[in-house]
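Since the structure comes first, as structure tokens, the remarks are kept for the end.
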Amino acid sequence: MEEFCNSTFWNSSFLERQEADLPLCFEQTVLVWIPLGFLWLLAPWQLFSVYRSKTKKSSITKFYIAKQVLVVLLLIVAAIDLALALTEDSGQDTIPPVRYTNPILYICTWLLVLVIQHSRQRCIQKNSWFLSIFWVLSILCSTFQFQTLIRVLLQDSKSNLAYSCLFFVSYGFQIIILILSTLSEKSDPSHNPSSTASFLSSITFSWYDSIVLKGYKHPLTLDDIWDVDEGFKTKSIASKFEEFMTKDLQKAKQAFQRRRQKKLQQNPEATLHGLNKNQSQSQDVLVLEEAKKKKKKSGTTKDFPKSWLIKSLFKTFHVVILKSFILKLIHDILMFLSPQLLKFLIAFVSNPDTYTWLGYPTIPFSISSTHSSIVFSFPEVLCCFSPSFVLCALSLSNLARRQYTIGETVNLMSVDAQKLVEVTNYMHLVWSSVLQIALSIFFLWRELGPSVLAGVGVMVLLIPVNGVLATKNRKIQVQNMKYKDKRLKIMNEILSGIKILKYFAWEPSFRDQVYGLRKKELKNLLKYGQLQTVMIFLLQLTPILVSVITFTVYVLVDSNNILDAEKAFTSITLFNVLRFPLTMLPMVTSSILQASVSIDRIEKYLGGDDLDTSSIHHVGNFDKAVQFSEASFTWDPDMDPAIRDVSLDIKPGQLVAVVGTVGSGKSSLIAAMLGEMETVHGHITIKGTTAYVPQQSWIQNGTIKDNIIFGSEFNENKYQQVLEACALLPDLEILPGGDMAEIGEKGINLSGGQKQRVSLARATYQDSDIYILDDPLSAVDAHVGKHIFNKVIGPNGLLNGKTRILVTHSIHFLPQVDEIIVLGNGTVLEKGSYQNLLSKKGVFAKNLKTFVKHSGPEGEATVNDDSEEDDDDCGLIPTVEEIPEDAASLTMKRENSLRRTLSRSSRSSGRHVKSLKDSLRVKNANALKEKEELVKGQKLIKKEFVETGKVKFSIYLKYLQSVGWWSIAFVIFSYGLNSVAFIGSNLWLSAWTSDSQNFNSTNYPTSQRDMRIGVFGALGLAQGVFVFIASIWSVYACNYSSKTLHKQLLTNILRAPMSFFDTTPTGRIVNRFSGDISTVDDILPQTLRSWLMCFFGIISTLVMICMATPIFAVIIIPLAIIYVSVQVFYVATSRQLRRLDSVTRSPIYSHFSETVSGLPVIRAFEHQQRFLSRSEGLIDTNQKCVFSWITSNRWLAIRLELVGNLIVFCSALLLVIYKNSLTGDTVGFVLSNALNITQTLNWLVRMTSEAETNIVAVERINEYINVENEAPWVTDKRPPADWPSKGEIRFNNYQVRYRPELDLVLKGITCHIKSTEKVGVVGRTGAGKSSLTNCLFRILESAGGQIIIDGVDIASVGLHDLRGKLTIIPQDPILFSGSLRMNLDPFNKYSDEEVWKALELAHLKSFVDGLQLGLYHEVTEGGDNLSIGQRQLLCLGRALLLKSKILILDEATAAVDLGTDSLIQTTIRNEFSNCTVITIAHRLHTIMDSDKIMVLDSGKIVEYGSPEELMSKTGPFYLMAKEAGIETANNTEL
């Protein structure tokens, strides 16, 4: 080397002087080759990756030209240098080789740089990270030569002048290029700039500054946030994950099958569930069976395909995981620099002879060592789950689906997937903790020798203790999840059935149920908190205990061991490093354990069996539309089939009616065609696409138009036709905003009939080949039903020429259908045209006889085929309304009477046909055109209110107040004492180490030594005790606060008026009870504790640094300003991002639960893909908020690291400057605390923003605690105990509107209903019939006028006094999960005898008797395991139990067959003969025997009188009756 540059290469004497320097030869060789080597090694890889990416070249920018020009200038400089070297004559024999090899190397390198910069034009990211590193390296290494050359020139200005000048020019250019490479290229402002950011901007997250500024100036909105990069979009991640998941799940399923076979060989009895196979197979029995089976099988069904999820996730994200692994490794190694540095600085200060320059190089290292801004988060994990859940739900088999309620499914997506996302943050800590522990022990051993083992032993001993506590905690958590699930399930039901609760004044009973669960939950939370506190206490005590024990052992083991500053403070720093992994290990373990529960739950769901549609063949060319071939289907493989050996041919274009009694398998037949059932044998062939109208209509939250178009192309002409045919135009006139009116969740603001018609319109609008209509006319009025049949379903309807399969009970439509299929017990009993079946005299004709009692002139039931009879036999034609919703009987009517009626109606009144047409004509065609501007009241669902700006201080006060002021003061005081003890122990240690200067090992007094140890230990113990006291106190206080807030929230929600529930989606309210309450339960208390600890920690550290070097106080001020401003900027942005996150998250879950509840419809229309894409879109919106939030955290971390590093830097600098006036123990004392501060600072901001973010939960809860209430439940003025004794009702000019901004619904109703009168209320849909009942119950409060019952104005009594005295049988029979008895009598007011009596009168006794558990039979969510008819009868049972003087029937018999209907009518007549009964009917025959009839039309009474009176004059009622085929008031004895 010496010859290579003709001078000394290395001589250590250069460094051993006050003015140190490096030899020139070393600087010109080694320091030049390091950066060049780096570049040449990485360049090929870089160029190859660019070449492989094959993106198109982007246009040339000024920025690119500037960089290329500068490199060309460097090239020229190098060329001149080479020319000089070759030409100059230095007077020596030979030119040293270094003079021409270096320029040649540089020329090649600059050419390479030109090529690389040019190639980067093909990349989105124009700045290459490794070029940036190369420039930094190059400049750093050249700096040494730069200062050497300057020194040489100062000594002798002539030597090597040309070379030096060229070097300086080149050095300048490199600095300019470096500055250029830190700037980012301008990018499209709407795009995420992270992709084009320069290397420096990427690692400091400066590209994010603009958002932080925006967020500070005004609250961020979704438009301000950039979308995530394509690679992070849900679609790309999910498809990657799907691919791996399919493979891994397949393997897991095979393994699962093997396990099952093994088990079966060991235990052959497991296959026989001992089911009673010969129970009749109706859907109801099936569900009951399933419930029993669940109980029996629970032992055997635990197994499912396991342990595939983690593999798939790893394969999906392995690149990211690997990158973060490398970064974390570097970070961990850097962490161990700081103790070594501290050791060096203490030695440096303690030794007065060292050169001052030795102190300076260590200062920059003090910064690098604390740099730890590498934290990882994988919100993308959510991206792959959420679509998978939707996908899985879309293809889940019915059997698998029945194991989950909708609430549980949504919970999987919200809670369990979230848990996994959280655990990914801890992923690397598993190995990194172990690495850190090992390294700490290694360095400690070097300091203190074997004595370390004592301290480490204590730590190791505490690990199992923590482990035991963690597992205990996990058990409690699992238990709590169960309670939470139960509580949310009840809440869900309460909110779905809130109307029933209000009608029956049942809120207190359900409130107490929720309280009961909440009490258990809080008790568990308290236990959890106590265990947490013990863990915190141990963690707090560990480092103190460890240092006390280690130092004690060290001093006692050998009298020569004296604790000096170097040893003590280095060890303490190492113990501090050790503290983090030991703290994290139990946390990591517990969160991994929690996640493992979630993983199991997710694996079970995603691994569920898919819908098996292999036996449904969809074919293109086939002569039949639908063909059943020997098909048997069942709802559950362990049960008898519900459809048995059905062979059927349905020809294209036919209209086929399916009829049969309750439980005959009509709905099952349809479910089988849609592929919703399990195949036993046989198959079904279907030609073409299907459209499906379910029995219970499924309506999406959106506009009516969206619901009808359902994702198809919009065609104005066709759309208007469909609206007209489905009789929706009159409704659109009433609804605010016409077809742009928003429909609430589950169609909450539409009547049953409107929902059914929208559902039918949706199917009609789709251009499908086969229309499967499951009882679509059940919920509509007679004339509307007729209109729909004629215009849509019938031979001349819109669907004419399509294949239509119609499940129906409307007998008078049967003569118009092509073919009738009669089902019984799951098999086809008869099949043929109407005429054929009548002439066969089979089941069909028999059923006619049974149900049609016709009082003809002979006064007997006759079924004649062709005898002419009097005109009055029109009564035979029941109305469309007869269709029950779920199971209904078959009532057959005679064809000739029908024919006669039809001909008569056309003879007698062209006029009423016209009136119907009039009513259906669009009154003003422009009504639809003006839909652009929002009409008042059109938006039903209010946008979720997003609080913006700073969380109001009152919210903090609200929370602290619920915690209790005394508690807070006490907790703060305890933490304060802890800090005092902390400072004390540090000062004491400092004094202890200074002993090493005063005494040597021979004359160190034992008493002194023991005192040092004793006090140090006592101060340590005091710290632990104070923290323990503070923590345990805060646990109790916060638990109390959780209880208070939940109680206030629940009480208030139950007292909210009905309008609140109409305008607020259930999901949003449930969110308050799930997410927000659990934040208040779990997260807020921990955040507050951490915040206090960090705050006191920082204060005490700063106090200690100032005690040692008072000048540091000056530095604190600017640093504090930087710190606070960074925090202010960050918190504003972060808070709003968190809010946006939760607001964009709700729609994901709402959409998901909507999808799950509408599965059969979505599958039938084959719209799975559309719903999946919608879901992906919603997730992407949420992801961009999450990504942005995580970036804002990184942005903050970098800046805080800077502040922390500046503190360390300044204190180290001060120590080097004031070297001579300080002692070693002071240096140790200051630096060991300063090194700790970065982490604490970081945590403090984190906790401040966490507190701000999570306090939002209190804000949201508070918003609903302050929802205005309905009138009080009980007032001072209580009605007499026997009120109402007569049941007399007076309406005085009564007016009402739904919401303040809407028009009146009832426009001044005045009437008088006498005691025990039976009044029927009729009117077309939307006339205000149901509003009338709502007024009686004060669900709607009056806008004018009054209602007086038995002399008491109902507005003057409490709601519960009023509602408890009225009884209603509502239109939708809603049941709650719980026992049958609970559904009848939630307050346990009645004896079992009374309950059985009510059941007997409601004709349910035999059914309930047949159940295993009788009255205590479990009803599932929403009463799904009972048919709709049975639910309706249970509601009748409720009314019979209450036995009040006033009974309101709201279309109560719409869902039962005619047989049951007449039973109900008879029961009501007999049991309620001395009550006032108000019946709201669509079927006129049910009210023809009333005393009075009230005809409503658009909110006014148009007619009121006895049926005879009204029939005698041609008014609206007469026309309606005529339409239903009722000629006189007394011919309707059905």
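Numbering starts fresh at 1 for the residues of each chain in the structure tokens, the chains themselves are lettered A, B, ... in the order given, and ligands are numbered from 1 as they appear.
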Can you pull out the residues contacting Ile437 in chain A? Cut-off 8 Å, using only C-alpha atoms, and skip same-chain residues under 2 positions away; I want them as a PDB file with N, CA, C and O atoms, in the first residue's frame.
```
ATOM      1  N   SER A 433     -37.624 -10.282  21.713  1.00  0.00           N
ATOM      2  CA  SER A 433     -37.513 -10.259  23.186  1.00  0.00           C
ATOM      3  C   SER A 433     -36.444 -11.233  23.640  1.00  0.00           C
ATOM      4  O   SER A 433     -35.615 -10.907  24.492  1.00  0.00           O
ATOM      5  N   VAL A 434     -36.454 -12.419  23.060  1.00  0.00           N
ATOM      6  CA  VAL A 434     -35.473 -13.436  23.459  1.00  0.00           C
ATOM      7  C   VAL A 434     -34.057 -12.950  23.153  1.00  0.00           C
ATOM      8  O   VAL A 434     -33.149 -13.051  23.985  1.00  0.00           O
ATOM      9  N   LEU A 435     -33.891 -12.376  21.954  1.00  0.00           N
ATOM     10  CA  LEU A 435     -32.579 -11.874  21.551  1.00  0.00           C
ATOM     11  C   LEU A 435     -32.104 -10.786  22.508  1.00  0.00           C
ATOM     12  O   LEU A 435     -30.965 -10.808  22.996  1.00  0.00           O
ATOM     13  N   LEU A 439     -28.726 -10.854  24.888  1.00  0.00           N
ATOM     14  CA  LEU A 439     -27.649  -9.868  24.766  1.00  0.00           C
ATOM     15  C   LEU A 439     -27.447  -9.101  26.074  1.00  0.00           C
ATOM     16  O   LEU A 439     -26.312  -8.863  26.496  1.00  0.00           O
ATOM     17  N   SER A 440     -28.554  -8.733  26.722  1.00  0.00           N
ATOM     18  CA  SER A 440     -28.425  -7.987  27.986  1.00  0.00           C
ATOM     19  C   SER A 440     -27.644  -8.807  28.999  1.00  0.00           C
ATOM     20  O   SER A 440     -26.750  -8.298  29.682  1.00  0.00           O
ATOM     21  N   ILE A 441     -27.982 -10.082  29.098  1.00  0.00           N
ATOM     22  CA  ILE A 441     -27.311 -10.917  30.103  1.00  0.00           C
ATOM     23  C   ILE A 441     -25.821 -11.032  29.786  1.00  0.00           C
ATOM     24  O   ILE A 441     -24.966 -10.951  30.670  1.00  0.00           O
ATOM     25  N   LEU A 578     -33.357  -4.485  29.452  1.00  0.00           N
ATOM     26  CA  LEU A 578     -33.896  -5.807  29.727  1.00  0.00           C
ATOM     27  C   LEU A 578     -35.369  -5.720  30.140  1.00  0.00           C
ATOM     28  O   LEU A 578     -36.148  -6.642  29.917  1.00  0.00           O
ATOM     29  N   PRO A 581     -38.169  -6.123  27.010  1.00  0.00           N
ATOM     30  CA  PRO A 581     -38.596  -7.458  26.553  1.00  0.00           C
ATOM     31  C   PRO A 581     -39.316  -8.246  27.643  1.00  0.00           C
ATOM     32  O   PRO A 581     -40.239  -8.994  27.356  1.00  0.00           O
ATOM     33  N   LEU A 582     -38.899  -8.055  28.904  1.00  0.00           N
ATOM     34  CA  LEU A 582     -39.563  -8.819  29.954  1.00  0.00           C
ATOM     35  C   LEU A 582     -40.981  -8.323  30.181  1.00  0.00           C
ATOM     36  O   LEU A 582     -41.867  -9.083  30.526  1.00  0.00           O
TER      37      LEU A 582
END
```
Of the candidates A:Gly747, A:Pro193, A:Gly826, A:Gly653, which shows the shortest atom-to-atom distance to Ser632 in chain A, using only C-alpha atoms?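 Checking each of A:Gly747, A:Pro193, A:Gly826, A:Gly653 against Ser632 in chain A, counting only C-alpha atoms, the winner is A:Gly826.
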9 Å contact set for range 110-125 of chain A, only C-alpha atoms, chain neighbours under 4 positions out, as JSON, numbers by chain: {"A": [39, 40, 43, 46, 47, 50, 51, 53, 54, 55, 56, 57, 58, 59, 60, 64, 67, 68, 71, 72, 74, 75, 78, 105, 106, 131, 184, 185, 194, 195, 196, 197, 198]}
Counting only C-alpha atoms, which of A:Phe1291, A:Phe199, A:Phe1129, A:Phe1171 gets nearest to Trp129 in chain A?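 Checking each of A:Phe1291, A:Phe199, A:Phe1129, A:Phe1171 against Trp129 in chain A, counting only C-alpha atoms, the winner is A:Phe199.
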Please return as a ChimeraX atom specification: the residues of range 144-350 of chain A that backbone DSSP assigns to alpha helix (DSSP H). /A:144-155,161-182,199-204,209-217,234-266,283-297,309-335,337-350
Between A:Glu1317, A:Glu745, A:Asp1225, A:Asp1450, which one has atoms that come closest to Pro1147 in chain A, using only C-alpha atoms?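 Using only C-alpha atoms, the shortest distance to Pro1147 in chain A belongs to A:Glu745.
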Mind checking which residues fall within 12 Å of Thr1133 in chain A, counting only C-alpha atoms, ignoring those fewer than 6 positions away in the same chain, and posting them as a ChimeraX atom specification? /A:208-221,224-225,948-950,1126-1127,1139-1140,1185,1188-1193,1195-1196,1249,1252-1253
Write the selection just made, keeping C-alpha atoms, as a PDB file, in the first residue's frame?
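Result file again.pdb:
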```
ATOM      1  CA  TYR A 208     -47.026  12.974   4.912  1.00  0.00           C
ATOM      2  CA  ASP A 209     -46.508  16.553   6.142  1.00  0.00           C
ATOM      3  CA  SER A 210     -49.218  17.957   3.895  1.00  0.00           C
ATOM      4  CA  ILE A 211     -51.917  15.794   5.485  1.00  0.00           C
ATOM      5  CA  VAL A 212     -50.769  16.617   9.002  1.00  0.00           C
ATOM      6  CA  LEU A 213     -50.958  20.315   8.165  1.00  0.00           C
ATOM      7  CA  LYS A 214     -54.374  19.890   6.580  1.00  0.00           C
ATOM      8  CA  GLY A 215     -55.574  17.963   9.610  1.00  0.00           C
ATOM      9  CA  TYR A 216     -54.359  20.705  11.886  1.00  0.00           C
ATOM     10  CA  LYS A 217     -56.063  23.476   9.939  1.00  0.00           C
ATOM     11  CA  HIS A 218     -59.444  21.825   9.553  1.00  0.00           C
ATOM     12  CA  PRO A 219     -60.789  18.368  10.442  1.00  0.00           C
ATOM     13  CA  LEU A 220     -59.881  15.843   7.767  1.00  0.00           C
ATOM     14  CA  THR A 221     -62.557  14.364   5.546  1.00  0.00           C
ATOM     15  CA  ASP A 224     -58.402  14.543   1.978  1.00  0.00           C
ATOM     16  CA  ILE A 225     -56.941  11.109   2.529  1.00  0.00           C
ATOM     17  CA  THR A 948     -64.836  16.992  14.647  1.00  0.00           C
ATOM     18  CA  GLY A 949     -62.077  18.983  16.194  1.00  0.00           C
ATOM     19  CA  LYS A 950     -60.830  18.588  19.710  1.00  0.00           C
ATOM     20  CA  VAL A1126     -45.338  18.066  17.061  1.00  0.00           C
ATOM     21  CA  GLN A1127     -47.854  16.602  19.441  1.00  0.00           C
ATOM     22  CA  ARG A1139     -62.939   8.885  14.002  1.00  0.00           C
ATOM     23  CA  LEU A1140     -63.042   8.370  10.264  1.00  0.00           C
ATOM     24  CA  CYS A1185     -58.084   5.706   6.978  1.00  0.00           C
ATOM     25  CA  SER A1188     -53.171   6.976   7.061  1.00  0.00           C
ATOM     26  CA  TRP A1189     -53.494   6.628  10.799  1.00  0.00           C
ATOM     27  CA  ILE A1190     -50.559   4.232  10.989  1.00  0.00           C
ATOM     28  CA  THR A1191     -48.482   6.549   8.822  1.00  0.00           C
ATOM     29  CA  SER A1192     -49.317   9.430  11.124  1.00  0.00           C
ATOM     30  CA  ASN A1193     -47.988   7.328  14.007  1.00  0.00           C
ATOM     31  CA  TRP A1195     -44.511  10.366  11.253  1.00  0.00           C
ATOM     32  CA  LEU A1196     -44.829  11.215  14.915  1.00  0.00           C
ATOM     33  CA  SER A1249     -53.454  10.543  21.520  1.00  0.00           C
ATOM     34  CA  GLU A1252     -57.986  11.430  23.008  1.00  0.00           C
ATOM     35  CA  THR A1253     -58.890   8.735  20.540  1.00  0.00           C
TER      36      THR A1253
END
```
Residues within 10 Å of Leu391 in chain A, only C-alpha atoms, excluding chain neighbours under 5 positions, as a list in words: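 My list of contacting residues is Glu242, Phe385, Ser386, Leu396, Leu606, Gln1168, Gln1169, Phe1171, Leu1172 and Ser1175 of chain A.
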If we count only C-alpha atoms, what is near range 1103-1112 of chain A at a cut-off of 12 Å, once residues fewer than 5 positions away on the same chain are taken out, given as a PyMOL selection string? chain A and resi 979-980+982-987+990+1096-1098+1117-1119+1206-1219+1221-1237
DSSP on the backbone, strand (DSSP E) only: what residues of range 1360-1396 of chain A does that give? Format it as a ChimeraX atom specification. /A:1366-1369,1378-1379
Using only C-alpha atoms, which protein or nucleic acid residues come within 6 Å of range 302-307 of chain A? Drop anything in the same chain fewer than 2 positions from it, and give the result as a list in words.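 Answer for this query is Ala252, Lys253, Phe256, Thr300 and Leu309 of chain A.
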Write a file of the selected residues as a PDB file, in the first residue's frame, keeping N, CA and C atoms.
```pdb
ATOM      1  N   ALA A 252     -56.086 -29.020   5.099  1.00  0.00           N
ATOM      2  CA  ALA A 252     -56.604 -29.109   6.463  1.00  0.00           C
ATOM      3  C   ALA A 252     -57.867 -29.960   6.498  1.00  0.00           C
ATOM      4  N   LYS A 253     -58.697 -29.835   5.459  1.00  0.00           N
ATOM      5  CA  LYS A 253     -59.937 -30.615   5.434  1.00  0.00           C
ATOM      6  C   LYS A 253     -59.630 -32.099   5.303  1.00  0.00           C
ATOM      7  N   PHE A 256     -58.565 -33.318   8.554  1.00  0.00           N
ATOM      8  CA  PHE A 256     -59.733 -33.381   9.427  1.00  0.00           C
ATOM      9  C   PHE A 256     -60.531 -34.667   9.168  1.00  0.00           C
ATOM     10  N   THR A 300     -69.412 -33.806  20.419  1.00  0.00           N
ATOM     11  CA  THR A 300     -68.703 -34.406  19.295  1.00  0.00           C
ATOM     12  C   THR A 300     -68.418 -33.426  18.166  1.00  0.00           C
ATOM     13  N   LEU A 309     -54.824 -21.307   8.861  1.00  0.00           N
ATOM     14  CA  LEU A 309     -54.952 -19.866   8.657  1.00  0.00           C
ATOM     15  C   LEU A 309     -53.601 -19.161   8.713  1.00  0.00           C
TER      16      LEU A 309
END
```
Suppose you want the space between CA of Leu1332 in chain A and CA of Gly1358 in chain A; what is it in Å?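 Going from CA of Leu1332 in chain A over to CA of Gly1358 in chain A, I get 19.1 Å.
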Take CA of Gln479 in chain A and CA of Phe1387 in chain A and report the distance between them in Å, one decimal.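 About the pair CA of Gln479 in chain A and CA of Phe1387 in chain A: they are 27.6 Å apart.
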So how many Å separate CA of Leu1244 in chain A and CA of Ser547 in chain A, to one decimal?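 Interatomic distance here is 25.4 Å.
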Nearest to Asp1491 in chain A by atom-to-atom distance, counting only C-alpha atoms, from A:Ala400, A:Ile748, A:Leu760, A:Ile1478: A:Ile1478
Tell me which of A:Ala657, A:Leu1401, A:Leu501, A:Met740 sits closest to Ile811 in chain A, counting only C-alpha atoms.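 Of A:Ala657, A:Leu1401, A:Leu501, A:Met740, the one nearest Ile811 in chain A is A:Ala657, counting only C-alpha atoms.
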